[in-house]
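Structure data follow from data_23.txt (compact mmCIF, C-alpha atoms):
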```txt
# COMPACT_ATOMS: atom_id res chain seq x y z
CA MET A 1 120.00 85.78 96.50
CA LEU A 2 120.33 89.27 97.92
CA ALA A 3 122.46 91.36 95.58
CA LYS A 4 125.37 93.56 96.65
CA ARG A 5 124.41 97.19 96.12
CA ILE A 6 126.22 99.84 94.06
CA ILE A 7 125.32 103.26 95.44
CA PRO A 8 126.30 106.55 93.78
CA CYS A 9 126.43 109.35 96.33
CA LEU A 10 125.37 112.83 95.36
CA ASP A 11 126.56 115.65 97.62
CA VAL A 12 124.11 118.52 97.34
CA LYS A 13 124.91 122.19 97.92
CA ASN A 14 122.69 125.11 96.80
CA ASN A 15 120.49 122.68 94.85
CA GLN A 16 123.38 121.32 92.79
CA VAL A 17 125.51 118.21 93.03
CA VAL A 18 129.06 118.99 94.14
CA LYS A 19 132.19 116.99 94.85
CA GLY A 20 135.14 117.78 97.10
CA VAL A 21 138.44 116.08 97.77
CA GLU A 22 138.88 114.86 101.35
CA PHE A 23 135.69 116.76 102.13
CA LYS A 24 137.18 120.09 100.97
CA GLN A 25 137.21 122.32 97.87
CA HIS A 26 133.75 121.60 96.51
CA GLU A 27 133.21 121.88 92.78
CA VAL A 28 129.88 121.67 90.91
CA VAL A 29 129.21 118.36 89.16
CA GLY A 30 125.74 118.97 87.77
CA ASP A 31 121.99 119.14 88.23
CA ILE A 32 120.39 116.88 90.89
CA LEU A 33 117.50 115.55 88.84
CA SER A 34 119.38 114.78 85.66
CA LEU A 35 122.19 113.04 87.55
CA ALA A 36 119.70 111.03 89.60
CA GLN A 37 117.93 109.91 86.43
CA ALA A 38 121.20 109.08 84.66
CA TYR A 39 122.44 106.89 87.53
CA SER A 40 119.08 105.18 87.85
CA ASP A 41 119.09 104.40 84.11
CA ALA A 42 122.68 103.19 84.31
CA GLY A 43 121.74 100.46 86.79
CA ALA A 44 122.53 102.01 90.17
CA ASP A 45 120.82 100.01 92.94
CA GLU A 46 120.19 102.97 95.19
CA LEU A 47 121.09 106.63 95.48
CA VAL A 48 122.21 108.66 98.47
CA PHE A 49 121.82 112.44 98.62
CA TYR A 50 123.65 114.45 101.26
CA GLU A 51 122.86 118.14 101.57
CA ILE A 52 126.31 118.80 102.96
CA THR A 53 125.82 122.28 104.40
CA ALA A 54 122.51 121.63 106.21
CA SER A 55 123.96 120.31 109.49
CA VAL A 56 126.67 122.96 109.57
CA GLU A 57 124.06 125.69 109.04
CA LYS A 58 121.78 124.06 111.66
CA ARG A 59 118.80 123.69 109.32
CA LEU A 60 116.86 120.94 107.59
CA LEU A 61 117.69 120.12 103.99
CA ASP A 62 115.42 121.51 101.26
CA VAL A 63 112.60 118.95 100.84
CA ASN A 64 111.57 120.36 97.44
CA TRP A 65 114.27 118.47 95.57
CA VAL A 66 113.44 115.33 97.57
CA GLU A 67 109.89 115.35 96.23
CA GLN A 68 111.08 115.98 92.66
CA ILE A 69 113.42 112.99 92.85
CA ALA A 70 110.74 110.77 94.37
CA ALA A 71 108.41 111.65 91.51
CA GLN A 72 110.99 110.92 88.85
CA ILE A 73 113.09 107.87 89.74
CA ASN A 74 111.99 104.29 90.40
CA ILE A 75 114.85 103.03 92.57
CA PRO A 76 115.23 103.59 96.31
CA PHE A 77 117.01 106.63 97.66
CA CYS A 78 118.25 107.87 100.98
CA VAL A 79 118.47 111.49 102.05
CA ALA A 80 120.69 113.20 104.62
CA GLY A 81 121.24 116.71 105.87
CA GLY A 82 120.28 118.35 109.15
CA ILE A 83 117.55 115.92 110.23
CA ARG A 84 117.31 116.57 113.98
CA SER A 85 113.79 115.60 115.04
CA ILE A 86 110.80 113.37 114.35
CA GLU A 87 109.16 116.34 112.58
CA ASP A 88 112.18 116.81 110.28
CA ALA A 89 112.24 113.09 109.46
CA ALA A 90 108.50 113.03 108.78
CA ARG A 91 108.85 115.89 106.29
CA VAL A 92 111.63 114.13 104.40
CA LEU A 93 109.93 110.71 104.37
CA THR A 94 106.57 112.16 103.40
CA SER A 95 108.26 113.94 100.52
CA GLY A 96 109.11 110.49 99.19
CA ALA A 97 112.55 109.52 100.50
CA ASP A 98 112.80 105.80 101.28
CA LYS A 99 115.36 106.22 104.02
CA ILE A 100 116.87 109.03 106.02
CA SER A 101 120.47 109.17 107.12
CA ILE A 102 121.62 111.01 110.20
CA ASN A 103 125.16 111.78 111.30
CA SER A 104 126.16 114.92 113.22
CA PRO A 105 122.74 115.40 114.91
CA ALA A 106 122.99 111.82 116.24
CA ILE A 107 126.38 112.58 117.76
CA ALA A 108 124.97 115.70 119.40
CA ARG A 109 122.00 113.72 120.76
CA PRO A 110 122.24 109.91 120.37
CA GLU A 111 118.65 109.33 121.61
CA LEU A 112 117.52 110.82 118.29
CA ILE A 113 118.30 107.45 116.67
CA LYS A 114 115.96 105.66 119.05
CA GLU A 115 113.19 108.23 118.64
CA LEU A 116 113.30 107.97 114.85
CA SER A 117 113.58 104.19 114.88
CA ASP A 118 110.58 103.84 117.20
CA GLU A 119 108.51 106.24 115.13
CA PHE A 120 109.28 105.15 111.57
CA GLY A 121 110.77 101.66 111.97
CA LYS A 122 114.48 100.90 111.93
CA GLN A 123 114.41 99.92 108.25
CA CYS A 124 114.42 103.56 107.16
CA ILE A 125 116.95 104.88 109.69
CA VAL A 126 120.51 104.98 108.37
CA VAL A 127 123.36 106.28 110.48
CA GLY A 128 126.31 107.78 108.66
CA VAL A 129 129.65 107.61 110.45
CA ASP A 130 132.70 109.66 109.41
CA SER A 131 135.72 107.79 110.68
CA PHE A 132 139.26 109.22 110.66
CA TYR A 133 142.40 107.17 111.29
CA ASP A 134 144.61 109.03 113.71
CA LYS A 135 148.20 107.93 113.03
CA GLU A 136 149.55 109.19 116.36
CA THR A 137 147.20 107.21 118.57
CA GLU A 138 146.60 104.46 115.96
CA GLN A 139 142.89 104.76 116.57
CA TYR A 140 139.83 105.21 114.38
CA LEU A 141 137.92 108.24 115.63
CA VAL A 142 134.50 109.61 114.77
CA TYR A 143 134.32 113.11 113.29
CA GLN A 144 131.34 115.41 112.94
CA LEU A 145 130.20 118.33 110.78
CA THR A 146 132.51 117.16 108.00
CA GLY A 147 130.46 119.05 105.39
CA ASP A 148 132.51 122.16 106.18
CA PRO A 149 136.27 122.02 106.80
CA ASN A 150 136.02 124.96 109.22
CA ALA A 151 133.35 123.27 111.35
CA SER A 152 134.63 119.69 111.13
CA SER A 153 135.81 118.34 114.48
CA ARG A 154 136.69 115.23 116.45
CA THR A 155 134.02 113.71 118.67
CA ARG A 156 134.35 111.81 121.94
CA TYR A 157 133.83 108.46 120.22
CA GLN A 158 136.10 105.78 118.86
CA THR A 159 134.53 104.38 115.71
CA SER A 160 133.97 100.85 117.04
CA GLU A 161 132.15 102.00 120.18
CA TRP A 162 129.94 104.41 118.24
CA ILE A 163 129.04 101.66 115.73
CA GLN A 164 127.90 99.44 118.59
CA GLN A 165 125.98 102.21 120.28
CA VAL A 166 124.02 103.27 117.20
CA GLN A 167 122.91 99.68 116.63
CA GLU A 168 121.67 99.42 120.21
CA LEU A 169 119.72 102.64 119.67
CA GLY A 170 117.98 101.24 116.58
CA ALA A 171 119.99 102.08 113.45
CA GLY A 172 118.77 99.96 110.53
CA GLU A 173 121.83 100.47 108.34
CA ILE A 174 125.28 101.99 108.74
CA VAL A 175 127.30 103.90 106.15
CA LEU A 176 130.94 103.95 107.22
CA ASN A 177 132.86 106.71 105.52
CA CYS A 178 136.60 106.31 105.87
CA MET A 179 137.71 109.95 105.72
CA ASN A 180 141.40 109.30 105.03
CA GLN A 181 140.39 107.61 101.76
CA ASP A 182 137.71 110.06 100.70
CA GLY A 183 138.05 111.38 97.17
CA VAL A 184 141.61 110.10 96.69
CA ARG A 185 140.58 106.89 94.87
CA ASN A 186 143.18 104.58 96.44
CA GLY A 187 140.68 101.89 97.43
CA TYR A 188 138.29 101.33 100.30
CA ASP A 189 139.72 100.93 103.80
CA ILE A 190 139.30 97.15 103.75
CA GLU A 191 141.02 96.65 107.10
CA GLN A 192 138.75 99.03 108.98
CA LEU A 193 135.61 97.83 107.18
CA SER A 194 136.44 94.18 107.98
CA GLU A 195 136.81 95.03 111.66
CA ILE A 196 133.54 96.98 111.71
CA ARG A 197 131.75 94.21 109.80
CA LYS A 198 132.36 91.89 112.77
CA LEU A 199 130.56 94.36 115.05
CA CYS A 200 127.77 95.22 112.66
CA ASP A 201 124.57 93.11 112.53
CA VAL A 202 122.68 95.54 110.30
CA PRO A 203 123.52 96.24 106.64
CA LEU A 204 126.92 97.94 106.29
CA ILE A 205 127.78 100.25 103.41
CA ALA A 206 131.40 101.07 102.55
CA SER A 207 132.22 104.66 101.63
CA GLY A 208 135.38 106.51 100.69
CA GLY A 209 138.23 105.55 98.38
CA ALA A 210 136.76 103.82 95.32
CA GLY A 211 139.02 104.34 92.31
CA THR A 212 138.90 101.19 90.21
CA GLN A 213 136.50 98.32 89.56
CA GLN A 214 138.87 96.04 91.48
CA HIS A 215 138.34 98.16 94.61
CA PHE A 216 134.66 97.21 94.54
CA VAL A 217 135.48 93.52 94.03
CA ASP A 218 137.90 93.67 96.97
CA VAL A 219 135.54 95.42 99.38
CA PHE A 220 132.73 92.93 98.70
CA ASN A 221 134.96 89.84 98.79
CA THR A 222 137.16 90.81 101.72
CA ALA A 223 135.10 93.10 103.96
CA ASN A 224 131.75 91.46 103.09
CA VAL A 225 129.89 94.76 103.08
CA ASP A 226 126.31 94.91 101.74
CA GLY A 227 126.84 97.89 99.50
CA ALA A 228 129.58 100.14 98.20
CA LEU A 229 129.07 103.86 97.91
CA ALA A 230 131.11 106.10 95.65
CA ALA A 231 130.92 109.55 94.11
CA SER A 232 133.82 110.87 92.06
CA VAL A 233 134.47 107.69 90.03
CA PHE A 234 130.87 107.86 88.83
CA HIS A 235 130.66 111.66 88.48
CA LYS A 236 133.88 111.76 86.42
CA ASN A 237 132.92 108.73 84.29
CA ILE A 238 135.97 106.83 85.48
CA ILE A 239 133.76 103.81 86.17
CA ASN A 240 130.68 102.88 84.19
CA ILE A 241 128.08 101.20 86.42
CA ASN A 242 127.10 98.62 83.81
CA GLU A 243 130.70 97.54 83.26
CA LEU A 244 131.29 97.50 87.01
CA LYS A 245 128.37 95.14 87.48
CA GLN A 246 129.66 92.81 84.77
CA THR A 247 133.03 92.76 86.55
CA LEU A 248 131.31 91.94 89.85
CA ARG A 249 129.38 89.13 88.19
CA ASN A 250 132.57 87.76 86.60
CA ASN A 251 134.02 87.68 90.10
CA LYS A 252 130.99 85.70 91.37
CA ILE A 253 129.59 88.59 93.37
CA VAL A 254 125.78 88.60 93.30
CA THR A 255 124.63 91.69 91.47
CA ARG A 256 121.48 93.00 89.79
CA ILE A 257 121.97 93.41 86.05
CA MET B 1 90.32 105.61 89.20
CA ILE B 2 92.57 103.98 91.81
CA ALA B 3 92.12 104.86 95.47
CA LEU B 4 95.30 105.35 97.49
CA ILE B 5 94.27 104.66 101.06
CA ASN B 6 95.63 107.34 103.38
CA THR B 7 96.45 105.86 106.75
CA GLY B 8 98.96 108.58 107.53
CA CYS B 9 101.93 106.43 106.61
CA ALA B 10 105.11 107.91 105.23
CA ASN B 11 105.47 106.36 101.77
CA LEU B 12 102.13 107.54 100.40
CA ASN B 13 103.72 109.91 97.89
CA SER B 14 106.21 107.33 96.57
CA VAL B 15 103.36 104.99 95.70
CA LYS B 16 101.30 107.79 94.18
CA PHE B 17 104.22 108.89 92.00
CA ALA B 18 104.83 105.31 90.83
CA PHE B 19 101.29 104.96 89.47
CA GLU B 20 101.50 108.42 87.91
CA ARG B 21 104.72 107.42 86.12
CA THR B 22 102.77 104.61 84.44
CA ASN B 23 99.97 107.08 83.55
CA GLN B 24 97.46 105.50 85.92
CA PRO B 25 95.14 108.02 87.58
CA ILE B 26 95.31 107.63 91.35
CA GLU B 27 93.81 109.68 94.14
CA ILE B 28 94.55 109.87 97.85
CA VAL B 29 91.40 108.88 99.78
CA ASN B 30 90.92 109.98 103.38
CA ASP B 31 87.36 108.80 103.97
CA PRO B 32 86.70 105.02 104.23
CA ALA B 33 83.05 105.55 103.24
CA LYS B 34 84.20 106.65 99.77
CA LEU B 35 86.34 103.58 99.05
CA LYS B 36 83.61 101.63 97.26
CA GLN B 37 83.37 104.35 94.58
CA TYR B 38 86.82 103.37 93.27
CA SER B 39 87.51 100.53 90.82
CA ARG B 40 90.83 99.64 92.48
CA ALA B 41 92.60 100.42 95.73
CA VAL B 42 96.13 100.44 97.13
CA LEU B 43 97.05 100.13 100.80
CA PRO B 44 100.65 101.33 101.32
CA GLY B 45 102.50 101.19 104.60
CA VAL B 46 105.81 101.49 106.37
CA GLY B 47 106.58 101.54 110.07
CA HIS B 48 105.33 99.42 112.95
CA ALA B 49 102.41 97.00 112.42
CA LYS B 50 100.74 97.68 115.76
CA ALA B 51 100.59 101.45 115.31
CA ALA B 52 99.45 101.08 111.70
CA MET B 53 96.70 98.61 112.58
CA GLN B 54 95.45 100.89 115.35
CA ARG B 55 95.29 103.81 112.93
CA LEU B 56 93.45 101.65 110.39
CA CYS B 57 90.80 100.60 112.92
CA ALA B 58 90.46 104.00 114.59
CA SER B 59 89.42 105.58 111.30
CA GLY B 60 87.14 102.77 110.12
CA TRP B 61 89.36 101.57 107.27
CA ASP B 62 89.32 97.99 108.60
CA GLN B 63 85.66 97.51 107.78
CA ALA B 64 85.84 99.37 104.45
CA ILE B 65 88.74 97.18 103.27
CA ARG B 66 87.04 93.93 104.38
CA GLU B 67 83.87 94.89 102.51
CA TYR B 68 85.68 96.02 99.34
CA ASP B 69 84.90 93.89 96.26
CA ASN B 70 87.35 95.30 93.69
CA PRO B 71 91.09 94.57 93.32
CA LEU B 72 93.06 95.83 96.32
CA LEU B 73 96.86 95.81 96.55
CA GLY B 74 98.71 95.96 99.87
CA ILE B 75 102.36 97.02 99.70
CA CYS B 76 104.96 96.07 102.35
CA LEU B 77 103.35 96.79 105.74
CA GLY B 78 100.07 97.29 103.86
CA MET B 79 100.36 93.69 102.67
CA GLN B 80 101.12 92.47 106.18
CA LEU B 81 97.99 94.13 107.56
CA LEU B 82 95.85 92.16 105.09
CA CYS B 83 96.99 88.86 106.66
CA GLU B 84 95.73 87.01 109.72
CA HIS B 85 98.42 87.72 112.27
CA THR B 86 101.86 89.28 112.71
CA GLU B 87 104.51 88.70 115.33
CA GLU B 88 105.28 92.42 115.22
CA GLY B 89 103.35 93.65 118.24
CA ASP B 90 101.56 90.23 118.33
CA ILE B 91 98.44 91.57 116.61
CA ASN B 92 95.74 90.26 114.32
CA GLY B 93 95.48 91.78 110.86
CA LEU B 94 92.43 92.13 108.64
CA GLY B 95 92.55 88.43 107.77
CA VAL B 96 91.51 88.78 104.12
CA ILE B 97 94.60 86.84 102.95
CA PRO B 98 95.46 83.63 104.84
CA GLY B 99 98.77 83.43 106.65
CA ARG B 100 101.01 84.73 109.39
CA LEU B 101 103.96 87.11 109.50
CA VAL B 102 107.02 85.95 111.41
CA GLU B 103 110.19 87.82 112.26
CA LEU B 104 113.08 87.08 109.90
CA LYS B 105 115.99 85.46 111.71
CA SER B 106 119.63 84.97 110.81
CA ASN B 107 122.82 84.24 112.68
CA THR B 108 125.03 85.10 109.75
CA LYS B 109 123.32 87.73 107.63
CA PRO B 110 122.49 91.35 108.44
CA LEU B 111 118.93 92.28 109.35
CA PRO B 112 116.63 93.97 108.34
CA HIS B 113 116.49 92.27 104.93
CA MET B 114 117.36 95.28 102.79
CA GLY B 115 118.17 95.45 99.09
CA TRP B 116 117.51 93.74 95.78
CA ASN B 117 116.56 90.06 95.88
CA THR B 118 115.15 87.63 93.34
CA LEU B 119 111.57 86.53 92.78
CA SER B 120 110.70 82.82 92.34
CA PHE B 121 107.28 81.83 91.09
CA ALA B 122 105.11 79.62 93.30
CA ASN B 123 101.68 79.77 91.62
CA ASP B 124 100.23 81.06 88.36
CA HIS B 125 98.65 84.49 88.61
CA PRO B 126 97.91 87.31 86.11
CA ILE B 127 100.05 89.67 88.20
CA LEU B 128 103.13 87.79 86.90
CA THR B 129 102.35 88.48 83.23
CA GLY B 130 105.52 89.46 81.37
CA ILE B 131 107.72 88.94 84.43
CA LYS B 132 110.70 86.58 84.32
CA SER B 133 111.38 84.30 87.27
CA GLU B 134 114.56 85.29 89.18
CA SER B 135 114.08 88.99 88.41
CA TYR B 136 115.20 91.46 91.07
CA ILE B 137 112.86 93.45 93.29
CA TYR B 138 113.62 95.84 96.15
CA TYR B 139 113.00 94.82 99.77
CA VAL B 140 113.16 96.57 103.14
CA HIS B 141 111.55 94.59 105.95
CA SER B 142 112.02 92.62 109.17
CA PHE B 143 108.86 90.45 109.16
CA ALA B 144 107.76 88.04 106.45
CA HIS B 145 104.74 85.98 105.39
CA GLU B 146 105.23 82.22 105.81
CA VAL B 147 104.80 80.46 102.47
CA ASN B 148 101.33 78.90 102.09
CA ALA B 149 98.63 78.30 99.45
CA ALA B 150 98.18 82.07 99.02
CA SER B 151 101.83 82.51 97.93
CA ILE B 152 102.18 83.56 94.28
CA ALA B 153 105.92 84.20 94.36
CA THR B 154 108.63 83.80 96.99
CA SER B 155 112.12 85.05 97.85
CA GLU B 156 114.80 83.66 100.11
CA TYR B 157 116.87 85.24 102.88
CA GLU B 158 118.02 82.48 105.25
CA GLN B 159 114.41 81.27 105.01
CA ARG B 160 111.99 81.23 102.10
CA PHE B 161 109.09 83.64 102.49
CA SER B 162 106.24 85.06 100.38
CA ALA B 163 107.04 87.90 97.99
CA ILE B 164 103.55 88.12 96.46
CA ILE B 165 100.37 86.74 98.00
CA ALA B 166 96.77 86.72 96.75
CA LYS B 167 93.31 85.67 97.80
CA ASP B 168 90.11 86.57 95.91
CA ASN B 169 90.29 90.32 95.10
CA TYR B 170 93.17 90.95 97.52
CA LEU B 171 96.82 91.03 96.50
CA GLY B 172 99.91 91.76 98.55
CA MET B 173 103.56 92.53 97.77
CA GLN B 174 106.17 92.40 100.52
CA PHE B 175 108.76 94.27 98.41
CA HIS B 176 108.37 97.82 97.10
CA PRO B 177 107.14 97.79 93.48
CA GLU B 178 107.27 101.60 93.50
CA ARG B 179 111.05 101.33 93.97
CA SER B 180 111.75 98.16 91.93
CA ALA B 181 112.78 99.84 88.66
CA GLN B 182 111.11 98.65 85.43
CA LEU B 183 110.03 95.35 86.97
CA GLY B 184 108.07 97.18 89.65
CA ALA B 185 106.41 99.35 87.04
CA THR B 186 105.32 96.23 85.13
CA LEU B 187 103.87 94.70 88.30
CA LEU B 188 101.89 97.85 89.08
CA SER B 189 100.67 97.98 85.51
CA ASN B 190 99.60 94.32 85.74
CA PHE B 191 97.67 95.16 88.89
CA THR B 192 95.72 97.87 87.09
CA GLN B 193 94.67 95.33 84.45
CA TRP B 194 93.93 92.45 86.81
CA ASN B 195 90.30 91.30 86.93
CA PRO B 196 89.82 88.67 89.62
CA SER B 197 87.22 86.12 88.53
```
Would you encode the structure as structure tokens?
Amino acid sequence: MLAKRIIPCLDVKNNQVVKGVEFKQHEVVGDILSLAQAYSDAGADELVFYEITASVEKRLLDVNWVEQIAAQINIPFCVAGGIRSIEDAARVLTSGADKISINSPAIARPELIKELSDEFGKQCIVVGVDSFYDKETEQYLVYQLTGDPNASSRTRYQTSEWIQQVQELGAGEIVLNCMNQDGVRNGYDIEQLSEIRKLCDVPLIASGGAGTQQHFVDVFNTANVDGALAASVFHKNIININELKQTLRNNKIVTRI
Amino acid sequence: MIALINTGCANLNSVKFAFERTNQPIEIVNDPAKLKQYSRAVLPGVGHAKAAMQRLCASGWDQAIREYDNPLLGICLGMQLLCEHTEEGDINGLGVIPGRLVELKSNTKPLPHMGWNTLSFANDHPILTGIKSESYIYYVHSFAHEVNAASIATSEYEQRFSAIIAKDNYLGMQFHPERSAQLGATLLSNFTQWNPS
């Protein structure tokens, strides 16, 4: 049976792992390589690295740390940050990343998804979507450039239409980050994820809001996502990955232990 | 020394690093004429089968691989290219391992098949030494080898398909041993000790 994935997310800035609350006020968590190794040893199923300032600064992430991680860890990892062309993607994949994730550059030019998918195969093309619930219009809206509060802005897309479009263009996996929940540890946005699950034929990863082990149980059981991504609960040792996986198993969720 | 066949595919470094982590000397080889100097070889691969097969043939690797007598391991798309035919691009592979690749289908589960799935044994083989049945390995793929006499181990995702296949000195793994944690490292280490009779 295919296991549900537990995915620590490491936000990278100036070659260090950082963490912000609701995408703001970044503080340093630690060194990329040692954190990557620690999570891999702890039983993480996959790691995601976002170089958060790359897109905002209109440059490709630094591939040097990608190669160091590829050399050291033996679980899959995905890398994001300013990938805007086939050449960018080739550099990151050749450095040893298993998958690349694109977000703001895909909003600026959606055909990028198709170009990358055709060139490298859809299995390594992940599209990250930052979705914000607008209380006034009661709509989920896609945001871009969320790595920097000063650059972050609304896009022309509602979340559901963008999710459908990226699949048509060749996305092989979708990470849905529910911005209202990010960093506040009140639980995943089960309602939104359940709605998106119905529209999503490729693997769907939940992101934003994990605070307790029960939140992971709920998102797998109710929203039927393929993986759950989290940062602060792991960085701050609020949740131990081994214990989390035991809890999942006790709740009859298929997990790799 | 192990030869890492360079067909210009993207995951070359990941595979190289994985062998280096288990202290196995491995070298990227660009010239098919040099392949026979190596005691073992690995054919990695990600991407589209048709483009990869064209690259293989254009540079003369097809003949060098067919003529190779020592243990050769194909990983993921590299494994698929060792087989007879794939639905991806409707092309013939090298045909050194019997079987066909078909597109995975599901009405209820997400595709591609991506993540950690379990290994079930189908046939005895030295590559499985020290491995427990139902262990987890890491998959990312859309096409899969139909189970046949060459199947050493299988996995299931809506349909059962081959996880490991073998024929003579050729071995193939559909999953990524280089990204399958300790289990993957054991499989790669078993490959370096495998002596096909």
Would you kindly report the residues of chain B within 6 Å of chain A, using all atoms listed in the file, as a list in words?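 So the contacting residues turn out to be Ala10, Asn13, Ser14, Phe17, Gly47, His48, Pro110, Leu111, Trp116, Asn117, Arg179, Ser180 and Ala181 of chain B.
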For those residues, write C-alpha atoms to a file as a PDB file, keeping the file's coordinate frame.
```
ATOM      1  CA  ALA B  10     105.110 107.910 105.230  1.00  0.00           C
ATOM      2  CA  ASN B  13     103.720 109.910  97.890  1.00  0.00           C
ATOM      3  CA  SER B  14     106.210 107.330  96.570  1.00  0.00           C
ATOM      4  CA  PHE B  17     104.220 108.890  92.000  1.00  0.00           C
ATOM      5  CA  GLY B  47     106.580 101.540 110.070  1.00  0.00           C
ATOM      6  CA  HIS B  48     105.330  99.420 112.950  1.00  0.00           C
ATOM      7  CA  PRO B 110     122.490  91.350 108.440  1.00  0.00           C
ATOM      8  CA  LEU B 111     118.930  92.280 109.350  1.00  0.00           C
ATOM      9  CA  TRP B 116     117.510  93.740  95.780  1.00  0.00           C
ATOM     10  CA  ASN B 117     116.560  90.060  95.880  1.00  0.00           C
ATOM     11  CA  ARG B 179     111.050 101.330  93.970  1.00  0.00           C
ATOM     12  CA  SER B 180     111.750  98.160  91.930  1.00  0.00           C
ATOM     13  CA  ALA B 181     112.780  99.840  88.660  1.00  0.00           C
TER      14      ALA B 181
END
```
Work out how far CA of Val147 in chain B is from CA of Arg100 in chain B, in Å to one decimal. 9.0 Å
Glu158 in chain B surroundings by all atoms listed in the file, 12 Å radius, close-in-sequence under 5 positions cut, as a count of residues only: 14
Skip range 145-157 of chain A itself and residues of its chain fewer than 2 positions away, then list as a VMD selection string all residues within 10 Å of it, counting only C-alpha atoms. chain A and resid 11 13 20 22 to 26 50 to 57 81 103 to 105 107 to 108 130 to 132 140 to 143 159 to 163 179
List every protein, DNA or RNA residue that has an atom no more than 9 Å from (103.4, 78.5, 90.7) in the file's coordinate frame, counting only C-alpha atoms, and report them as JSON, numbers by chain. {"B": [120, 121, 122, 123, 124, 125, 151, 152, 153]}
Please compute the CA of Asn240 in chain A-CA of Ala42 in chain A distance, one decimal, in Å.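 CA of Ala42 in chain A lies at a distance of 8.0 Å from CA of Asn240 in chain A.
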Could you name the residues that touch Ser194 in chain A at 8 Å or less, counting only C-alpha atoms, but leaving out those on the same chain fewer than 2 positions away, as a PDB file with C-alpha atoms, in the frame of the given file?
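Produced file selection25.pdb, reproduced below:
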```
ATOM      1  CA  ILE A 190     139.300  97.150 103.750  1.00  0.00           C
ATOM      2  CA  GLU A 191     141.020  96.650 107.100  1.00  0.00           C
ATOM      3  CA  GLN A 192     138.750  99.030 108.980  1.00  0.00           C
ATOM      4  CA  ILE A 196     133.540  96.980 111.710  1.00  0.00           C
ATOM      5  CA  ARG A 197     131.750  94.210 109.800  1.00  0.00           C
ATOM      6  CA  LYS A 198     132.360  91.890 112.770  1.00  0.00           C
ATOM      7  CA  THR A 222     137.160  90.810 101.720  1.00  0.00           C
ATOM      8  CA  ALA A 223     135.100  93.100 103.960  1.00  0.00           C
ATOM      9  CA  ASN A 224     131.750  91.460 103.090  1.00  0.00           C
TER      10      ASN A 224
END
```
Could you give me, as a list in words, the residues within 12 Å of Asp218 in chain A, counting all atoms listed in the file and dropping anything in the same chain fewer than 5 positions from it? Gly187, Tyr188, Asp189, Ile190, Glu191, Leu193, Ser194, Ala206, Gly209, Ala210, Gly211, Thr212, Gln213, Ala223, Asn224, Val225, Ala228, Thr247, Leu248, Asn251, Lys252 and Ile253 of chain A
When you draw a straight line from CA of Val63 in chain A to CA of Gln37 in chain A, how long is it in Å?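 Separation between CA of Val63 in chain A and CA of Gln37 in chain A: 17.8 Å.
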Pick out the residues sitting within 12 Å of Thr154 in chain B, and hand them over as a PyMOL selection string; count all atoms listed in the file, and ignore anything fewer than 2 positions along from it in its own chain. (chain A and resi 1) or (chain B and resi 117-123+133-137+144-152+156-157+159-165+172-175)
Taking all atoms listed in the file into account, name the residue in A:Gln214, A:Gln164, A:Asn250, A:Ser232 that is nearest to Val127 in chain A.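 Under the stated criterion, the closest residue is A:Gln164.
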Please write N, CA and C atoms of range 89-98 of chain B, from the structure given just now, as an mmCIF file, in the first residue's frame.
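Listed below is the output, decode26.cif:
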```cif
data_model
loop_
_atom_site.group_PDB
_atom_site.id
_atom_site.type_symbol
_atom_site.label_atom_id
_atom_site.label_comp_id
_atom_site.auth_asym_id
_atom_site.auth_seq_id
_atom_site.Cartn_x
_atom_site.Cartn_y
_atom_site.Cartn_z
ATOM 1 N N GLY B 89 5.226 6.651 -25.704
ATOM 2 C CA GLY B 89 5.797 6.922 -27.027
ATOM 3 C C GLY B 89 5.724 5.721 -27.951
ATOM 4 N N ASP B 90 5.118 4.593 -27.493
ATOM 5 C CA ASP B 90 4.973 3.366 -28.290
ATOM 6 C C ASP B 90 6.294 2.967 -28.943
ATOM 7 N N ILE B 91 7.311 2.730 -28.126
ATOM 8 C CA ILE B 91 8.635 2.409 -28.684
ATOM 9 C C ILE B 91 9.159 1.079 -28.151
ATOM 10 N N ASN B 92 10.049 0.478 -28.914
ATOM 11 C CA ASN B 92 10.740 -0.715 -28.463
ATOM 12 C C ASN B 92 11.964 -0.319 -27.650
ATOM 13 N N GLY B 93 12.193 -1.099 -26.569
ATOM 14 C CA GLY B 93 13.384 -0.875 -25.760
ATOM 15 C C GLY B 93 14.508 -1.770 -26.244
ATOM 16 N N LEU B 94 15.495 -1.982 -25.375
ATOM 17 C CA LEU B 94 16.652 -2.792 -25.747
ATOM 18 C C LEU B 94 16.328 -4.280 -25.756
ATOM 19 N N GLY B 95 15.282 -4.680 -25.066
ATOM 20 C CA GLY B 95 14.819 -6.066 -25.123
ATOM 21 C C GLY B 95 15.700 -7.076 -24.409
ATOM 22 N N VAL B 96 16.540 -6.639 -23.478
ATOM 23 C CA VAL B 96 17.396 -7.598 -22.777
ATOM 24 C C VAL B 96 16.690 -8.214 -21.560
ATOM 25 N N ILE B 97 15.584 -7.609 -21.115
ATOM 26 C CA ILE B 97 14.727 -8.217 -20.091
ATOM 27 C C ILE B 97 13.332 -8.338 -20.701
ATOM 28 N N PRO B 98 12.729 -9.550 -20.622
ATOM 29 C CA PRO B 98 11.419 -9.734 -21.243
ATOM 30 C C PRO B 98 10.330 -8.895 -20.559
#
```
